[in-house]
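Notes for the one structure printed next.
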Amino acid sequence: MERRVIATVLLMFGLTSLALAIYLNQLGLLDEITALLFNVGKTSLP
Amino acid sequence: MAKKRVRKEGKAKKIPKKRLKLRLLRLLSQLSFLSLFLLALVNMAPLMPWLVLPVSTPYSAFSSFQTMLSTPILPLLPTASILLFTILLGRSLCGWVCPSGFIQDILSEVKRKHTTITPETHSWMKNIKYLILGAILLVSCSLALSLTLGMGDPYKRALGVFSTAPYTTLSPEATIFILIPESVKQLQQWMATSPLIPLEQLWAIIIQIPPFFYVRLVIAAVFIVASVYVPRFWCLYFCPMGALMAVLNGFSLLGMRRDITKCTRVRACVEKCPMRVRILDLPWEKFNDPECTICLDCVDACPKKALKPNFP
C-alpha cells in the first residue's frame with residue numbers, strides 16, 4: 001500500500017516535470033545537449 | 001532424480017522453443033535501440049529529428065541530467081524520463097533497451113561457464129554503483145548550485161574534463177561508441193595526409209596522447225573482458241544509471257509474480273538470472289528486486305511456468 005502511494009507521488013512528480021519541460025521548451029534543447037554529450041565522449045589525438 | 005524429472009518435464013513442454021521466443025523478442029528490441037543509437041551517433045539526427053528523442057530520453061537521460069546541471073539548466077526532461085519510465089516499467093530499460101547491456105549480453109555468450117562471485121563479495125561489490133552515483137550527483141549538483149550563485153567558474157575550471165558530465169567522461173559506453181570510432185577516423189585522416197614516419201617519432205606521438213585517453217581504454221577493456229566472465233558485470237557493480245533505477249525500482253508498478261501452486265523450487269530461475277536475484281527468497285505475490293531488469297530469462301528457465309510479469 002505504502003509503495004503504491006510513493007509510486008503515485010513519484011509518477012505525479014514525473015508528469016509535472018514533463019509538463020514543465022514542455023512549457024519551458026526543453027525539448028528544443030535536446031539537439032544541443034546531445035552535441036555536448038558527444039563532445040564529452042571525444043578526446044583529441046595530437 | 002528430482003533434477004532428471006524436472007528436465008524431462010521441461011523437454012515435454014518444449015522450453016527451448018519458448019526460450020528462443022522470449023530471448024529473440026528481447027534481442028530484437030535491443031538491436032532496434034542499438035540501431036537508433038548508432039544512427040544518431042553518425043549524425044543522422046539533423047535529418048531525422050525524432051532520432052534524438054529515444055536516444056536522449058530515456059537511454060541517455062542520466063548523461064543529459066549531468067550535462068544540463070553543468071550548463072546550468074534544471075534537468076526537468078531527464079528527471080521526467082527517468083521517473084516515468086522506471087515507475088511504470090521498472091528496470092526493463094536495462095534489460096530491453098540499453099545498448100551497453102546488449103553488448104554485455106552478447107559478450108556473456110562467449111564463455112559457456114561463467115566465473116562465480118561469492119555471495120559475500122557480490123553483496124559488497126553491488127554497493128560500488130551507489131557510491132559512484134552519489135559522487136556524480138554530489139559533483140553535478142554542487143557545480144549547478146555554484147554556477148547558479150554566480151561563483152562556479154573556478155570550480156568548473158578545476159573540474160576540467162569532468163565538468164560537463166563526470167560519468168560520461170569515463171564511461172565505457174562513451175569510449176566504445178564515441179572515442180574509439182572518432183580516434184580511428186582521426187587516425188585515418190592523419191594517415192592520408194602524413195607520409196610514413198620513423199619509429200622514434202611515432203613513439204614521441206604516442207607519449208603526447210593524454211594519459212586520460214589510456215585510462216578510458218583500460219576501463220573499456222575491463223568492461224569487455226569482465227562481461228565475458230561475469231554476465232552483466234557493469235550493470236551489477238558499476239553503472240550509476242542502474243543504481244538510480246534500482247533505487248526507484250522498489251516502487252515500480254511492473255514486477256514479477258511467482259505462482260506458489262506451480263513452483264517446485266528447483267532453482268532454475270535463480271541459476272538463470274543474470275542479475276543474481278534470489279527469486280525464491282522474495283515475496284511470491286509480487287517482487288520488485290532492485291536488481292531485476294525484467295529480462296524474463298527466469299520465465300524461460302522455469303519448467304513449471306510459475307513466473308510471469310505482474311502489472312500494476
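By convention in this document, the chains of the C-alpha cells carry letters A, B, ... by their order, each chain's residues are numbered from 1, and ligands are numbered from 1 in the order they are shown.
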Based on the backbone DSSP call, show me all residues of chain A assigned alpha helix (DSSP H), as a ChimeraX atom specification. /A:2-23,30-40
Exercise: Arg3 of chain A partners within 9 Å, only C-alpha atoms, chain neighbours under 3 positions left out, as a ChimeraX atom specification: /A:6-8 /B:250-252
May I ask for the distance between atom CA of Leu20 of chain A and atom CA of Leu84 of chain B, given in Å to one decimal place? 14.2 Å
Contacts of Leu10 of chain A at 10 Å or less, counting only C-alpha atoms, minus same-chain residues fewer than 6 places along, as a list in words? Arg4 and Thr16 of chain A; Ala80, Leu83, Leu84, Thr86, Ile87, Leu248, Phe251 and Ser252 of chain B
For the selection you just gave me, I'd like the residues written to a file as a PDB file, in the first residue's frame, keeping C-alpha atoms.
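This went into out-v9.pdb:
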```
ATOM      1  CA  ARG A   4       1.622   2.373  -4.278  1.00  0.00           C
ATOM      2  CA  THR A  16       4.769  17.663 -13.572  1.00  0.00           C
TER       3      THR A  16
ATOM      4  CA  ALA B  80      10.618  13.134 -16.021  1.00  0.00           C
ATOM      5  CA  LEU B  83      10.806   8.774 -13.139  1.00  0.00           C
ATOM      6  CA  LEU B  84       8.038   7.909 -15.589  1.00  0.00           C
ATOM      7  CA  THR B  86      11.106   3.439 -14.011  1.00  0.00           C
ATOM      8  CA  ILE B  87       7.858   3.797 -12.072  1.00  0.00           C
ATOM      9  CA  LEU B 248      13.269   3.637  -7.896  1.00  0.00           C
ATOM     10  CA  PHE B 251       8.218   1.451  -6.254  1.00  0.00           C
ATOM     11  CA  SER B 252       7.720   0.229  -9.821  1.00  0.00           C
TER      12      SER B 252
END
```
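Atom pair atom CA of Pro309 of chain B / atom CA of His122 of chain B has a distance of 25.7 Å (rounded to one decimal).
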What's around Phe102 of chain B at 12 Å? Count only C-alpha atoms, leave out sequence neighbours fewer than 2 positions away in its own chain, and write the answer as an MDAnalysis selection string. chainID B and resid 23 26:35 93:100 104:109 173 224 227 231:232 234:235 295
Enumerate as a PyMOL selection string the residues belonging to chain B that approach chain A to within 9 Å, with only C-alpha atoms taken into account. chain B and resi 41+45-46+49+52-53+55-56+60+63-64+67-68+75-84+87-88+161-162+164-165+168-171+173-175+177-180+182-183+186-187+205-206+208-210+212-213+248+250-253
Include C-alpha atoms and write out the residues we just selected as a CSV table (one decimal), in the first residue's frame.
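Output below, filename part_23.csv:
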```
chain,number,residue,atom,x,y,z
B,41,LEU,CA,25.8,8.9,-33.5
B,45,ALA,CA,19.8,13.4,-36.1
B,46,PRO,CA,19.5,16.6,-38.2
B,49,PRO,CA,14.9,14.8,-35.6
B,52,VAL,CA,17.1,12.4,-30.8
B,53,LEU,CA,14.1,11.6,-28.6
B,55,VAL,CA,18.4,8.4,-27.7
B,56,SER,CA,18.4,11.4,-25.4
B,60,SER,CA,20.9,8.9,-22.2
B,63,SER,CA,24.1,11.8,-19.2
B,64,SER,CA,21.7,14.6,-20.2
B,67,THR,CA,25.1,17.9,-18.9
B,68,MET,CA,22.1,20.1,-18.1
B,75,PRO,CA,17.1,18.9,-15.8
B,76,LEU,CA,13.3,18.6,-16.0
B,77,LEU,CA,13.2,16.4,-19.1
B,78,PRO,CA,15.7,13.7,-17.9
B,79,THR,CA,14.0,13.7,-14.4
B,80,ALA,CA,10.6,13.1,-16.0
B,81,SER,CA,12.0,10.5,-18.3
B,82,ILE,CA,13.8,8.5,-15.5
B,83,LEU,CA,10.8,8.8,-13.1
B,84,LEU,CA,8.0,7.9,-15.6
B,87,ILE,CA,7.9,3.8,-12.1
B,88,LEU,CA,5.8,2.4,-15.0
B,161,VAL,CA,37.2,17.3,-18.3
B,162,PHE,CA,34.8,16.1,-15.6
B,164,THR,CA,30.3,18.6,-18.3
B,165,ALA,CA,29.3,15.0,-17.5
B,168,THR,CA,30.1,10.0,-19.4
B,169,THR,CA,33.7,11.2,-19.5
B,170,LEU,CA,34.9,7.9,-18.1
B,171,SER,CA,32.1,5.5,-19.1
B,173,GLU,CA,29.9,3.2,-23.4
B,174,ALA,CA,31.2,6.6,-24.5
B,175,THR,CA,34.6,5.1,-25.2
B,177,PHE,CA,30.6,4.2,-29.2
B,178,ILE,CA,32.3,7.6,-29.5
B,179,LEU,CA,36.0,7.7,-28.5
B,180,ILE,CA,37.3,4.6,-30.4
B,182,GLU,CA,36.4,9.0,-33.5
B,183,SER,CA,40.0,8.1,-32.9
B,186,GLN,CA,41.2,10.8,-36.9
B,187,LEU,CA,44.0,8.3,-37.4
B,205,ILE,CA,53.5,11.0,-30.8
B,206,ILE,CA,52.3,8.1,-28.5
B,208,GLN,CA,51.9,13.1,-26.5
B,209,ILE,CA,48.5,11.4,-26.3
B,210,PRO,CA,46.9,12.5,-23.0
B,212,PHE,CA,43.3,10.2,-19.8
B,213,PHE,CA,42.9,8.5,-23.2
B,248,LEU,CA,13.3,3.6,-7.9
B,250,GLY,CA,11.2,-0.7,-5.4
B,251,PHE,CA,8.2,1.5,-6.3
B,252,SER,CA,7.7,0.2,-9.8
B,253,LEU,CA,4.2,-0.8,-11.0
```
Pick the closest to Ala246 of chain B from B:Tyr130, B:Trp203, B:Trp124, B:Phe62: which is it, counting only C-alpha atoms?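 Result for the nearest residue to Ala246 of chain B: B:Tyr130.
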Excluding segment 272-284 of chain B and any residue of its chain fewer than 3 positions from it, enumerate the residues within 6 Å of it, using only C-alpha atoms, and give them as a ChimeraX atom specification. /B:231,257-258,269,287
Expected file: the selected residues, C-alpha atoms, as a PDB file, in the first residue's frame:
```
ATOM      1  CA  PRO B 231      27.214 -11.668 -17.065  1.00  0.00           C
ATOM      2  CA  ARG B 257       4.914 -12.840  -9.681  1.00  0.00           C
ATOM      3  CA  ARG B 258       5.724 -16.411  -8.652  1.00  0.00           C
ATOM      4  CA  CYS B 269      15.178 -19.300 -12.288  1.00  0.00           C
ATOM      5  CA  PHE B 287       8.524  -8.809  -6.254  1.00  0.00           C
TER       6      PHE B 287
END
```
